[in-house]
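*Asks:* One structure follows; several queries about it will come next.
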Amino acid sequence: MTPRSSNWCDGTPVILPSFLLCDFGNLEREVRALEAAGVRGLHLDVMDGQFVPNLTYGMPIVKGLRRLTDLPIDVHLMISSPAQYIDAFIDSGADWITFHREAVDDPRPILEQIRSRGVGAGIAINPQTPVEEIEPCLSLCDMVLVMSVQAGFGGQSFDDVALEKLERLVTLASDETLLEVDGGVNASTIQRCSQAGATLFVVGSAIFGQPDYAAAIDQLSRLAAESETV
Ligand code: DX5
Ligand code: ZN
């Protein structure tokens, strides 16, 4: 566990706001509002216009956010050649780096590269990629990110296929491996994700599309926590 995110594995749900639908003209205001709402980390969506059709941002935004906050920064790389950029993202302040299984031939050396720098290593799978594709590298993963939408855009609808995958991963991965879900997570879907075994919940539109971030985050945390005991 990276030092800044040492409380992510206490079993309580961690809501991670996704910096995709935020106000990029007011990043500091966004961070302060999220800190005031009690978030325990930030999720940064890096897209290269190749691995996914959309293009977002890279290291400078990670670096800028790192200067603004001590919250753990969870970088989700939706890029074609992740190995090439890992060191640069770590040098910019990432605490976690997740890249896509679909983007690489062999994820193992890249996971080792990330871990060797003392940063949490994660692998992501799109809805159509089966869990079998990542089974051989699970022992090198600190986190598995199960996409519940096709990577590339915010505001899409939740795909239930993520739930079966989370359930399988609970049995396949070690207890130390964190399970994260991303895409279409909102008040109607978060409980099922929690029941299926996720503890990290990436949320874009269900936070940034709401007038009151604190109220939205409270409600999501409560729903996720309630379902743990169901
Ligand atoms: C999708 C991104 C997500 C997404 C979440 O490619 O990885 O982080 O922006 O946004 P919502 O919650 O709106 O689906
Ligand atoms: Zn993401």
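Residue names in the structure tokens use chain letters A, B, ... in the order shown, residue numbers from 1 in each chain, and ligand numbers from 1 in the order shown.
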Using only C-alpha atoms and all ligand atoms, find each residue of chain A with at least one atom at most 9 Å away from an atom of ligand 2; report its shortest atom-to-atom pair and that distance in Å (one decimal), sort the rows by chain and rising residue number, and return the result as a tab-separated table.
*Replies:*
```
residue	atom	partner	partner_atom_place_in_ligand_line	distance
A:Ser18	CA	ligand 2	1 (Zn)	6.3
A:Phe19	CA	ligand 2	1 (Zn)	8.3
A:Leu20	CA	ligand 2	1 (Zn)	8.4
A:His43	CA	ligand 2	1 (Zn)	6.5
A:Leu44	CA	ligand 2	1 (Zn)	6.6
A:Asp45	CA	ligand 2	1 (Zn)	4.9
A:Val46	CA	ligand 2	1 (Zn)	8.0
A:Asp74	CA	ligand 2	1 (Zn)	8.9
A:Val75	CA	ligand 2	1 (Zn)	7.9
A:His76	CA	ligand 2	1 (Zn)	5.3
A:Leu77	CA	ligand 2	1 (Zn)	8.0
A:Met78	CA	ligand 2	1 (Zn)	8.2
A:Leu145	CA	ligand 2	1 (Zn)	8.6
A:Met147	CA	ligand 2	1 (Zn)	8.1
A:Ala151	CA	ligand 2	1 (Zn)	7.4
A:Gly152	CA	ligand 2	1 (Zn)	8.5
A:Phe153	CA	ligand 2	1 (Zn)	9.0
A:Gly154	CA	ligand 2	1 (Zn)	8.5
A:Val181	CA	ligand 2	1 (Zn)	8.7
A:Asp182	CA	ligand 2	1 (Zn)	5.7
A:Gly183	CA	ligand 2	1 (Zn)	7.2
A:Val202	CA	ligand 2	1 (Zn)	6.6
A:Val203	CA	ligand 2	1 (Zn)	8.4
A:Gly204	CA	ligand 2	1 (Zn)	8.5
```
*Asks:* Find the residues near Glu35 (chain A): any atom within 10 Å, counting only C-alpha atoms, skip ones fewer than 5 places away on the same chain, and give them as a ChimeraX atom specification.
*Replies:* /A:29-30,40-42,69-71,214
*Asks:* Go ahead and dump the residues you just picked, all heavy atoms, as a PDB file, in the first residue's frame.
*Replies:*
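What landed in part-v7.pdb:
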```pdb
ATOM      1  N   ARG A  29     -10.489  24.942  -7.157  1.00  0.00           N
ATOM      2  CA  ARG A  29     -11.800  24.984  -6.491  1.00  0.00           C
ATOM      3  C   ARG A  29     -12.409  23.577  -6.420  1.00  0.00           C
ATOM      4  O   ARG A  29     -13.002  23.189  -5.408  1.00  0.00           O
ATOM      5  CB  ARG A  29     -12.731  25.939  -7.237  1.00  0.00           C
ATOM      6  CG  ARG A  29     -13.944  26.333  -6.418  1.00  0.00           C
ATOM      7  CD  ARG A  29     -14.728  27.427  -7.077  1.00  0.00           C
ATOM      8  NE  ARG A  29     -15.385  26.926  -8.291  1.00  0.00           N
ATOM      9  CZ  ARG A  29     -15.927  27.701  -9.228  1.00  0.00           C
ATOM     10  NH1 ARG A  29     -15.881  29.019  -9.117  1.00  0.00           N
ATOM     11  NH2 ARG A  29     -16.509  27.189 -10.282  1.00  0.00           N
ATOM     12  N   GLU A  30     -12.253  22.820  -7.495  1.00  0.00           N
ATOM     13  CA  GLU A  30     -12.775  21.443  -7.501  1.00  0.00           C
ATOM     14  C   GLU A  30     -12.105  20.614  -6.392  1.00  0.00           C
ATOM     15  O   GLU A  30     -12.763  19.900  -5.641  1.00  0.00           O
ATOM     16  CB  GLU A  30     -12.527  20.763  -8.853  1.00  0.00           C
ATOM     17  CG  GLU A  30     -13.256  21.393 -10.038  1.00  0.00           C
ATOM     18  CD  GLU A  30     -14.734  21.070 -10.083  1.00  0.00           C
ATOM     19  OE1 GLU A  30     -15.393  21.121  -9.021  1.00  0.00           O
ATOM     20  OE2 GLU A  30     -15.249  20.784 -11.178  1.00  0.00           O
ATOM     21  N   ARG A  40     -11.246  10.473  -0.283  1.00  0.00           N
ATOM     22  CA  ARG A  40      -9.988   9.840   0.158  1.00  0.00           C
ATOM     23  C   ARG A  40      -9.034   9.603  -0.999  1.00  0.00           C
ATOM     24  O   ARG A  40      -8.069   8.863  -0.859  1.00  0.00           O
ATOM     25  CB  ARG A  40     -10.314   8.531   0.875  1.00  0.00           C
ATOM     26  CG  ARG A  40     -11.002   8.785   2.217  1.00  0.00           C
ATOM     27  CD  ARG A  40     -11.865   7.600   2.625  1.00  0.00           C
ATOM     28  NE  ARG A  40     -11.067   6.461   2.988  1.00  0.00           N
ATOM     29  CZ  ARG A  40     -11.577   5.235   3.214  1.00  0.00           C
ATOM     30  NH1 ARG A  40     -12.869   5.029   3.101  1.00  0.00           N
ATOM     31  NH2 ARG A  40     -10.792   4.246   3.558  1.00  0.00           N
ATOM     32  N   GLY A  41      -9.298  10.228  -2.141  1.00  0.00           N
ATOM     33  CA  GLY A  41      -8.395  10.095  -3.279  1.00  0.00           C
ATOM     34  C   GLY A  41      -9.020  10.708  -4.514  1.00  0.00           C
ATOM     35  O   GLY A  41     -10.218  11.022  -4.529  1.00  0.00           O
ATOM     36  N   LEU A  42      -8.179  10.905  -5.547  1.00  0.00           N
ATOM     37  CA  LEU A  42      -8.646  11.460  -6.823  1.00  0.00           C
ATOM     38  C   LEU A  42      -8.293  10.471  -7.931  1.00  0.00           C
ATOM     39  O   LEU A  42      -7.224   9.859  -7.907  1.00  0.00           O
ATOM     40  CB  LEU A  42      -7.948  12.800  -7.112  1.00  0.00           C
ATOM     41  CG  LEU A  42      -8.005  13.863  -6.019  1.00  0.00           C
ATOM     42  CD1 LEU A  42      -7.205  15.095  -6.454  1.00  0.00           C
ATOM     43  CD2 LEU A  42      -9.445  14.248  -5.693  1.00  0.00           C
ATOM     44  N   THR A  69      -2.763  19.143  -3.504  1.00  0.00           N
ATOM     45  CA  THR A  69      -3.378  18.283  -2.486  1.00  0.00           C
ATOM     46  C   THR A  69      -2.458  17.135  -2.068  1.00  0.00           C
ATOM     47  O   THR A  69      -1.606  16.711  -2.843  1.00  0.00           O
ATOM     48  CB  THR A  69      -4.712  17.688  -3.012  1.00  0.00           C
ATOM     49  OG1 THR A  69      -5.317  16.921  -1.978  1.00  0.00           O
ATOM     50  CG2 THR A  69      -4.509  16.813  -4.229  1.00  0.00           C
ATOM     51  N   ASP A  70      -2.688  16.639  -0.851  1.00  0.00           N
ATOM     52  CA  ASP A  70      -1.981  15.442  -0.379  1.00  0.00           C
ATOM     53  C   ASP A  70      -2.832  14.191  -0.564  1.00  0.00           C
ATOM     54  O   ASP A  70      -2.426  13.100  -0.164  1.00  0.00           O
ATOM     55  CB  ASP A  70      -1.620  15.583   1.108  1.00  0.00           C
ATOM     56  CG  ASP A  70      -0.471  16.559   1.293  1.00  0.00           C
ATOM     57  OD1 ASP A  70       0.362  16.656   0.369  1.00  0.00           O
ATOM     58  OD2 ASP A  70      -0.423  17.229   2.341  1.00  0.00           O
ATOM     59  N   LEU A  71      -4.018  14.339  -1.140  1.00  0.00           N
ATOM     60  CA  LEU A  71      -4.848  13.150  -1.369  1.00  0.00           C
ATOM     61  C   LEU A  71      -4.130  12.189  -2.318  1.00  0.00           C
ATOM     62  O   LEU A  71      -3.415  12.628  -3.231  1.00  0.00           O
ATOM     63  CB  LEU A  71      -6.182  13.562  -2.024  1.00  0.00           C
ATOM     64  CG  LEU A  71      -7.203  14.233  -1.126  1.00  0.00           C
ATOM     65  CD1 LEU A  71      -8.346  14.814  -1.974  1.00  0.00           C
ATOM     66  CD2 LEU A  71      -7.748  13.247  -0.091  1.00  0.00           C
ATOM     67  N   ALA A 214     -20.630  17.184  -1.592  1.00  0.00           N
ATOM     68  CA  ALA A 214     -20.595  16.503  -0.292  1.00  0.00           C
ATOM     69  C   ALA A 214     -21.830  15.616  -0.123  1.00  0.00           C
ATOM     70  O   ALA A 214     -21.732  14.465   0.331  1.00  0.00           O
ATOM     71  CB  ALA A 214     -20.496  17.518   0.838  1.00  0.00           C
TER      72      ALA A 214
END
```
*Asks:* Determine which residues of region 25-99 of chain A receive a DSSP assignment of alpha helix (DSSP H), computed from the backbone, and state them as a tab-separated table (two decimals) with N, CA, C and O atoms, in the first residue's frame.
*Replies:*
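To be explicit, this is the file written out as result19.tsv:
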```
chain	number	residue	atom	x	y	z
A	27	LEU	N	-9.63	24.05	-11.35
A	27	LEU	CA	-9.19	22.80	-10.72
A	27	LEU	C	-8.99	22.93	-9.22
A	27	LEU	O	-9.33	22.05	-8.45
A	28	GLU	N	-8.43	24.07	-8.80
A	28	GLU	CA	-8.19	24.22	-7.36
A	28	GLU	C	-9.51	24.24	-6.59
A	28	GLU	O	-9.64	23.61	-5.55
A	29	ARG	N	-10.49	24.94	-7.16
A	29	ARG	CA	-11.80	24.98	-6.49
A	29	ARG	C	-12.41	23.58	-6.42
A	29	ARG	O	-13.00	23.19	-5.41
A	30	GLU	N	-12.25	22.82	-7.49
A	30	GLU	CA	-12.77	21.44	-7.50
A	30	GLU	C	-12.11	20.61	-6.39
A	30	GLU	O	-12.76	19.90	-5.64
A	31	VAL	N	-10.77	20.73	-6.29
A	31	VAL	CA	-10.05	19.94	-5.29
A	31	VAL	C	-10.49	20.35	-3.88
A	31	VAL	O	-10.74	19.48	-3.03
A	32	ARG	N	-10.60	21.64	-3.64
A	32	ARG	CA	-11.01	22.08	-2.29
A	32	ARG	C	-12.42	21.59	-1.95
A	32	ARG	O	-12.70	21.19	-0.81
A	33	ALA	N	-13.31	21.63	-2.92
A	33	ALA	CA	-14.69	21.16	-2.66
A	33	ALA	C	-14.69	19.67	-2.35
A	33	ALA	O	-15.41	19.20	-1.46
A	34	LEU	N	-13.86	18.91	-3.06
A	34	LEU	CA	-13.80	17.46	-2.84
A	34	LEU	C	-13.15	17.15	-1.49
A	34	LEU	O	-13.58	16.26	-0.77
A	35	GLU	N	-12.10	17.90	-1.14
A	35	GLU	CA	-11.46	17.71	0.17
A	35	GLU	C	-12.47	18.01	1.28
A	35	GLU	O	-12.58	17.25	2.25
A	36	ALA	N	-13.22	19.09	1.09
A	36	ALA	CA	-14.22	19.46	2.11
A	36	ALA	C	-15.29	18.38	2.22
A	36	ALA	O	-15.87	18.17	3.29
A	59	MET	N	0.88	14.29	-17.99
A	59	MET	CA	1.65	14.53	-16.77
A	59	MET	C	1.45	15.92	-16.15
A	59	MET	O	1.40	16.03	-14.92
A	60	PRO	N	1.37	16.99	-16.94
A	60	PRO	CA	1.27	18.32	-16.30
A	60	PRO	C	0.07	18.47	-15.37
A	60	PRO	O	0.15	19.14	-14.34
A	61	ILE	N	-1.04	17.83	-15.72
A	61	ILE	CA	-2.23	17.94	-14.86
A	61	ILE	C	-2.01	17.13	-13.57
A	61	ILE	O	-2.39	17.56	-12.47
A	62	VAL	N	-1.35	15.97	-13.70
A	62	VAL	CA	-1.04	15.19	-12.49
A	62	VAL	C	-0.14	16.02	-11.57
A	62	VAL	O	-0.38	16.13	-10.37
A	63	LYS	N	0.87	16.61	-12.17
A	63	LYS	CA	1.82	17.43	-11.41
A	63	LYS	C	1.11	18.61	-10.75
A	63	LYS	O	1.35	18.93	-9.58
A	64	GLY	N	0.24	19.25	-11.48
A	64	GLY	CA	-0.48	20.40	-10.95
A	64	GLY	C	-1.38	20.00	-9.79
A	64	GLY	O	-1.42	20.68	-8.75
A	65	LEU	N	-2.09	18.89	-9.93
A	65	LEU	CA	-2.96	18.44	-8.85
A	65	LEU	C	-2.12	17.99	-7.65
A	65	LEU	O	-2.51	18.19	-6.50
A	66	ARG	N	-0.97	17.38	-7.92
A	66	ARG	CA	-0.09	16.95	-6.82
A	66	ARG	C	0.31	18.14	-5.95
A	66	ARG	O	0.40	18.03	-4.73
A	67	ARG	N	0.53	19.31	-6.59
A	67	ARG	CA	0.90	20.50	-5.82
A	67	ARG	C	-0.26	21.02	-4.99
A	67	ARG	O	-0.09	21.68	-3.97
A	68	LEU	N	-1.49	20.70	-5.43
A	68	LEU	CA	-2.67	21.25	-4.76
A	68	LEU	C	-3.14	20.43	-3.56
A	68	LEU	O	-3.89	20.93	-2.73
A	82	PRO	N	1.74	2.21	-22.41
A	82	PRO	CA	1.88	2.67	-21.03
A	82	PRO	C	3.31	2.61	-20.49
A	82	PRO	O	3.75	3.53	-19.80
A	83	ALA	N	4.07	1.56	-20.86
A	83	ALA	CA	5.42	1.38	-20.28
A	83	ALA	C	6.28	2.62	-20.49
A	83	ALA	O	7.07	3.01	-19.63
A	84	GLN	N	6.10	3.22	-21.63
A	84	GLN	CA	6.90	4.40	-22.01
A	84	GLN	C	6.70	5.59	-21.07
A	84	GLN	O	7.57	6.44	-20.96
A	85	TYR	N	5.56	5.66	-20.42
A	85	TYR	CA	5.21	6.86	-19.65
A	85	TYR	C	5.13	6.65	-18.14
A	85	TYR	O	4.90	7.60	-17.39
A	86	ILE	N	5.32	5.40	-17.71
A	86	ILE	CA	5.14	5.09	-16.28
A	86	ILE	C	6.02	5.98	-15.40
A	86	ILE	O	5.53	6.60	-14.45
A	87	ASP	N	7.31	6.04	-15.72
A	87	ASP	CA	8.22	6.81	-14.85
A	87	ASP	C	7.80	8.29	-14.81
A	87	ASP	O	7.84	8.91	-13.75
A	88	ALA	N	7.40	8.81	-15.95
A	88	ALA	CA	7.02	10.23	-15.99
A	88	ALA	C	5.79	10.49	-15.12
A	88	ALA	O	5.71	11.51	-14.42
A	89	PHE	N	4.83	9.56	-15.14
A	89	PHE	CA	3.63	9.76	-14.30
A	89	PHE	C	3.98	9.62	-12.82
A	89	PHE	O	3.45	10.35	-11.98
A	90	ILE	N	4.90	8.71	-12.51
A	90	ILE	CA	5.30	8.56	-11.11
A	90	ILE	C	6.06	9.81	-10.66
A	90	ILE	O	5.79	10.36	-9.59
A	91	ASP	N	6.96	10.28	-11.51
A	91	ASP	CA	7.71	11.51	-11.17
A	91	ASP	C	6.76	12.71	-11.01
A	91	ASP	O	7.07	13.66	-10.30
```
*Asks:* Between A:Asn26, A:Asn54, A:Gln191, A:Ser5, which is the closest to ligand 1 once you count only C-alpha atoms and all ligand atoms?
*Replies:*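 Selected residue with least distance to ligand 1: A:Asn54.
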*Asks:* Find, counting only C-alpha atoms, the residue in A:Asn126, A:Asp95, A:Ile134, A:Cys9 that gets nearest to Pro107 (chain A).
*Replies:* A:Ile134
*Asks:* Show me, as a list of chain:residue names, the residues that have an atom within 10 Å of Asp142 (chain A) when counting only C-alpha atoms, minus same-chain residues fewer than 2 positions from it.
*Replies:* A:Met1, A:Thr2, A:Trp96, A:Ile97, A:Thr98, A:Leu111, A:Arg115, A:Val119, A:Gly120, A:Ala121, A:Gly122, A:Ile123, A:Leu138, A:Ser139, A:Leu140, A:Val144, A:Ala173, A:Ser174, A:Glu176, A:Thr177, A:Leu178, A:Leu179
*Asks:* Selection from above, N, CA, C and O atoms, as a PDB file, in the first residue's frame, can you write it?
*Replies:*
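File selection21.pdb, as written:
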```pdb
ATOM      1  N   MET A   1       0.850  -1.207   0.000  1.00  0.00           N
ATOM      2  CA  MET A   1       0.000   0.000   0.000  1.00  0.00           C
ATOM      3  C   MET A   1       0.884   1.256   0.000  1.00  0.00           C
ATOM      4  O   MET A   1       1.839   1.316   0.756  1.00  0.00           O
ATOM      5  N   THR A   2       0.585   2.173  -0.858  1.00  0.00           N
ATOM      6  CA  THR A   2       1.393   3.400  -0.886  1.00  0.00           C
ATOM      7  C   THR A   2       1.085   4.229   0.355  1.00  0.00           C
ATOM      8  O   THR A   2      -0.037   4.174   0.877  1.00  0.00           O
ATOM      9  N   TRP A  96      -0.835   5.707  -7.570  1.00  0.00           N
ATOM     10  CA  TRP A  96      -1.299   4.467  -8.178  1.00  0.00           C
ATOM     11  C   TRP A  96      -1.250   4.648  -9.686  1.00  0.00           C
ATOM     12  O   TRP A  96      -1.634   5.715 -10.184  1.00  0.00           O
ATOM     13  N   ILE A  97      -0.833   3.597 -10.399  1.00  0.00           N
ATOM     14  CA  ILE A  97      -0.884   3.637 -11.861  1.00  0.00           C
ATOM     15  C   ILE A  97      -1.578   2.368 -12.336  1.00  0.00           C
ATOM     16  O   ILE A  97      -1.171   1.252 -11.997  1.00  0.00           O
ATOM     17  N   THR A  98      -2.622   2.571 -13.108  1.00  0.00           N
ATOM     18  CA  THR A  98      -3.352   1.443 -13.698  1.00  0.00           C
ATOM     19  C   THR A  98      -3.308   1.583 -15.208  1.00  0.00           C
ATOM     20  O   THR A  98      -3.556   2.668 -15.739  1.00  0.00           O
ATOM     21  N   LEU A 111       3.871  -4.155 -14.606  1.00  0.00           N
ATOM     22  CA  LEU A 111       3.436  -4.163 -13.201  1.00  0.00           C
ATOM     23  C   LEU A 111       4.663  -4.144 -12.280  1.00  0.00           C
ATOM     24  O   LEU A 111       4.693  -3.409 -11.277  1.00  0.00           O
ATOM     25  N   ARG A 115       5.692  -1.305  -9.492  1.00  0.00           N
ATOM     26  CA  ARG A 115       5.946  -1.688  -8.088  1.00  0.00           C
ATOM     27  C   ARG A 115       7.358  -1.338  -7.647  1.00  0.00           C
ATOM     28  O   ARG A 115       7.576  -0.966  -6.491  1.00  0.00           O
ATOM     29  N   VAL A 119       5.067   2.408  -6.067  1.00  0.00           N
ATOM     30  CA  VAL A 119       3.732   2.929  -6.406  1.00  0.00           C
ATOM     31  C   VAL A 119       2.801   1.733  -6.582  1.00  0.00           C
ATOM     32  O   VAL A 119       3.238   0.650  -6.982  1.00  0.00           O
ATOM     33  N   GLY A 120       1.522   1.911  -6.280  1.00  0.00           N
ATOM     34  CA  GLY A 120       0.551   0.829  -6.431  1.00  0.00           C
ATOM     35  C   GLY A 120       0.341   0.507  -7.908  1.00  0.00           C
ATOM     36  O   GLY A 120       0.176   1.415  -8.731  1.00  0.00           O
ATOM     37  N   ALA A 121       0.348  -0.799  -8.231  1.00  0.00           N
ATOM     38  CA  ALA A 121       0.233  -1.225  -9.630  1.00  0.00           C
ATOM     39  C   ALA A 121      -1.142  -1.821  -9.887  1.00  0.00           C
ATOM     40  O   ALA A 121      -1.582  -2.715  -9.163  1.00  0.00           O
ATOM     41  N   GLY A 122      -1.788  -1.318 -10.936  1.00  0.00           N
ATOM     42  CA  GLY A 122      -3.125  -1.827 -11.250  1.00  0.00           C
ATOM     43  C   GLY A 122      -3.258  -2.215 -12.704  1.00  0.00           C
ATOM     44  O   GLY A 122      -2.593  -1.665 -13.584  1.00  0.00           O
ATOM     45  N   ILE A 123      -4.149  -3.184 -12.951  1.00  0.00           N
ATOM     46  CA  ILE A 123      -4.472  -3.562 -14.332  1.00  0.00           C
ATOM     47  C   ILE A 123      -5.967  -3.361 -14.533  1.00  0.00           C
ATOM     48  O   ILE A 123      -6.761  -3.654 -13.639  1.00  0.00           O
ATOM     49  N   LEU A 138      -2.196 -11.693 -11.761  1.00  0.00           N
ATOM     50  CA  LEU A 138      -2.874 -11.174 -10.565  1.00  0.00           C
ATOM     51  C   LEU A 138      -1.948 -11.018  -9.355  1.00  0.00           C
ATOM     52  O   LEU A 138      -2.101 -10.090  -8.566  1.00  0.00           O
ATOM     53  N   SER A 139      -0.974 -11.908  -9.238  1.00  0.00           N
ATOM     54  CA  SER A 139      -0.098 -11.837  -8.055  1.00  0.00           C
ATOM     55  C   SER A 139       0.792 -10.590  -8.088  1.00  0.00           C
ATOM     56  O   SER A 139       1.391 -10.238  -7.078  1.00  0.00           O
ATOM     57  N   LEU A 140       0.871  -9.938  -9.250  1.00  0.00           N
ATOM     58  CA  LEU A 140       1.690  -8.714  -9.351  1.00  0.00           C
ATOM     59  C   LEU A 140       0.848  -7.446  -9.258  1.00  0.00           C
ATOM     60  O   LEU A 140       1.361  -6.338  -9.400  1.00  0.00           O
ATOM     61  N   VAL A 144      -7.093  -4.265  -9.156  1.00  0.00           N
ATOM     62  CA  VAL A 144      -7.685  -4.591 -10.458  1.00  0.00           C
ATOM     63  C   VAL A 144      -8.837  -3.634 -10.680  1.00  0.00           C
ATOM     64  O   VAL A 144      -9.695  -3.453  -9.805  1.00  0.00           O
ATOM     65  N   ALA A 173      -8.260 -13.388  -6.668  1.00  0.00           N
ATOM     66  CA  ALA A 173      -7.168 -12.492  -6.261  1.00  0.00           C
ATOM     67  C   ALA A 173      -6.912 -12.624  -4.761  1.00  0.00           C
ATOM     68  O   ALA A 173      -7.776 -13.095  -4.010  1.00  0.00           O
ATOM     69  N   SER A 174      -5.730 -12.191  -4.341  1.00  0.00           N
ATOM     70  CA  SER A 174      -5.421 -12.254  -2.905  1.00  0.00           C
ATOM     71  C   SER A 174      -6.250 -11.198  -2.164  1.00  0.00           C
ATOM     72  O   SER A 174      -6.742 -10.234  -2.764  1.00  0.00           O
ATOM     73  N   GLU A 176      -5.277  -8.947  -0.387  1.00  0.00           N
ATOM     74  CA  GLU A 176      -4.623  -7.624  -0.419  1.00  0.00           C
ATOM     75  C   GLU A 176      -4.896  -6.858  -1.718  1.00  0.00           C
ATOM     76  O   GLU A 176      -4.626  -5.674  -1.781  1.00  0.00           O
ATOM     77  N   THR A 177      -5.381  -7.545  -2.744  1.00  0.00           N
ATOM     78  CA  THR A 177      -5.601  -6.868  -4.030  1.00  0.00           C
ATOM     79  C   THR A 177      -6.909  -6.078  -3.969  1.00  0.00           C
ATOM     80  O   THR A 177      -7.968  -6.645  -3.720  1.00  0.00           O
ATOM     81  N   LEU A 178      -6.813  -4.775  -4.208  1.00  0.00           N
ATOM     82  CA  LEU A 178      -8.011  -3.939  -4.151  1.00  0.00           C
ATOM     83  C   LEU A 178      -8.796  -4.075  -5.454  1.00  0.00           C
ATOM     84  O   LEU A 178      -8.205  -4.158  -6.541  1.00  0.00           O
ATOM     85  N   LEU A 179     -10.124  -4.088  -5.334  1.00  0.00           N
ATOM     86  CA  LEU A 179     -10.978  -4.178  -6.517  1.00  0.00           C
ATOM     87  C   LEU A 179     -11.691  -2.844  -6.726  1.00  0.00           C
ATOM     88  O   LEU A 179     -12.387  -2.346  -5.833  1.00  0.00           O
TER      89      LEU A 179
END
```
*Asks:* Got a sec to tell me which of region 98-198 of chain A DSSP assigns to strand (DSSP E or B), as a list in words?
*Replies:* Thr98, Phe99, His100, Gly120, Ala121, Gly122, Ile123, Ala124, Ile125, Met143, Val144, Leu145, Val146, Met147, Leu178, Leu179, Glu180, Val181 and Asp182 of chain A
*Asks:* Could those selected residues go to a file with N, CA, C and O atoms, as a compact mmCIF listing (two decimals), in the first residue's frame?
*Replies:*
```
# COMPACT_ATOMS: atom_id res chain seq x y z
N THR A 98 -2.62 2.57 -13.11
CA THR A 98 -3.35 1.44 -13.70
C THR A 98 -3.31 1.58 -15.21
O THR A 98 -3.56 2.67 -15.74
N PHE A 99 -2.98 0.51 -15.90
CA PHE A 99 -3.00 0.53 -17.37
C PHE A 99 -3.89 -0.62 -17.85
O PHE A 99 -4.28 -1.50 -17.06
N HIS A 100 -4.22 -0.59 -19.14
CA HIS A 100 -5.17 -1.58 -19.66
C HIS A 100 -4.49 -2.84 -20.18
O HIS A 100 -3.49 -2.77 -20.90
N GLY A 120 1.52 1.91 -6.28
CA GLY A 120 0.55 0.83 -6.43
C GLY A 120 0.34 0.51 -7.91
O GLY A 120 0.18 1.41 -8.73
N ALA A 121 0.35 -0.80 -8.23
CA ALA A 121 0.23 -1.23 -9.63
C ALA A 121 -1.14 -1.82 -9.89
O ALA A 121 -1.58 -2.72 -9.16
N GLY A 122 -1.79 -1.32 -10.94
CA GLY A 122 -3.13 -1.83 -11.25
C GLY A 122 -3.26 -2.22 -12.70
O GLY A 122 -2.59 -1.66 -13.58
N ILE A 123 -4.15 -3.18 -12.95
CA ILE A 123 -4.47 -3.56 -14.33
C ILE A 123 -5.97 -3.36 -14.53
O ILE A 123 -6.76 -3.65 -13.64
N ALA A 124 -6.33 -2.84 -15.71
CA ALA A 124 -7.74 -2.58 -16.02
C ALA A 124 -8.20 -3.48 -17.15
O ALA A 124 -7.42 -3.79 -18.05
N ILE A 125 -9.49 -3.88 -17.09
CA ILE A 125 -10.07 -4.64 -18.20
C ILE A 125 -11.40 -4.00 -18.62
O ILE A 125 -12.24 -3.67 -17.79
N MET A 143 -3.99 -3.67 -7.47
CA MET A 143 -5.38 -3.29 -7.73
C MET A 143 -5.82 -3.89 -9.07
O MET A 143 -5.01 -4.00 -9.98
N VAL A 144 -7.09 -4.26 -9.16
CA VAL A 144 -7.69 -4.59 -10.46
C VAL A 144 -8.84 -3.63 -10.68
O VAL A 144 -9.69 -3.45 -9.80
N LEU A 145 -8.83 -2.99 -11.85
CA LEU A 145 -9.88 -2.04 -12.21
C LEU A 145 -10.80 -2.72 -13.22
O LEU A 145 -10.41 -3.02 -14.35
N VAL A 146 -12.03 -2.97 -12.79
CA VAL A 146 -13.03 -3.59 -13.66
C VAL A 146 -13.87 -2.47 -14.26
O VAL A 146 -14.57 -1.75 -13.55
N MET A 147 -13.75 -2.32 -15.59
CA MET A 147 -14.52 -1.26 -16.25
C MET A 147 -15.97 -1.72 -16.43
O MET A 147 -16.24 -2.82 -16.91
N LEU A 178 -6.81 -4.77 -4.21
CA LEU A 178 -8.01 -3.94 -4.15
C LEU A 178 -8.80 -4.07 -5.45
O LEU A 178 -8.20 -4.16 -6.54
N LEU A 179 -10.12 -4.09 -5.33
CA LEU A 179 -10.98 -4.18 -6.52
C LEU A 179 -11.69 -2.84 -6.73
O LEU A 179 -12.39 -2.35 -5.83
N GLU A 180 -11.48 -2.29 -7.90
CA GLU A 180 -12.02 -0.96 -8.25
C GLU A 180 -12.98 -1.11 -9.42
O GLU A 180 -12.73 -1.91 -10.32
N VAL A 181 -14.04 -0.33 -9.41
CA VAL A 181 -15.01 -0.36 -10.50
C VAL A 181 -15.15 1.06 -11.04
O VAL A 181 -15.10 2.03 -10.27
N ASP A 182 -15.31 1.18 -12.37
CA ASP A 182 -15.27 2.50 -13.01
C ASP A 182 -16.21 2.54 -14.21
O ASP A 182 -16.06 1.74 -15.13
```
*Asks:* Separation of CA of Val14 (chain A) and CA of Ile79 (chain A), in Å?
*Replies:*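 Interatomic distance here is 24.9 Å.
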*Asks:* Identify which of the residues A:Ser116, A:Thr56, A:Ser81, A:Thr199 lies closest to ligand 1, counting only C-alpha atoms and all ligand atoms when measuring atom-to-atom distances.
*Replies:*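 The shortest atom-to-atom distance to ligand 1 comes from A:Thr56.
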*Asks:* Taking into account only C-alpha atoms, which residue in the set A:Ala216, A:Leu16, A:Val161, A:Gly93 is nearest to Arg117 (chain A)?
*Replies:* A:Gly93
*Asks:* Could you check which of A:Gln150, A:Gln210, A:Thr12, A:Thr189 is closest to ligand 1, using only C-alpha atoms and all ligand atoms?
*Replies:*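 That would be A:Gln150, the residue with the smallest distance to ligand 1.
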*Asks:* Could you check how far CA of Ala206 (chain A) sits from CA of Cys193 (chain A), in Å to one decimal?
*Replies:* 14.9 Å
*Asks:* Smallest atom-to-atom distance to Ala225 (chain A): which of A:Pro72, A:Gly197, A:Pro211, A:Gly155, using only C-alpha atoms?
*Replies:*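 Answer, going by the shortest atom-to-atom distance: A:Gly197.
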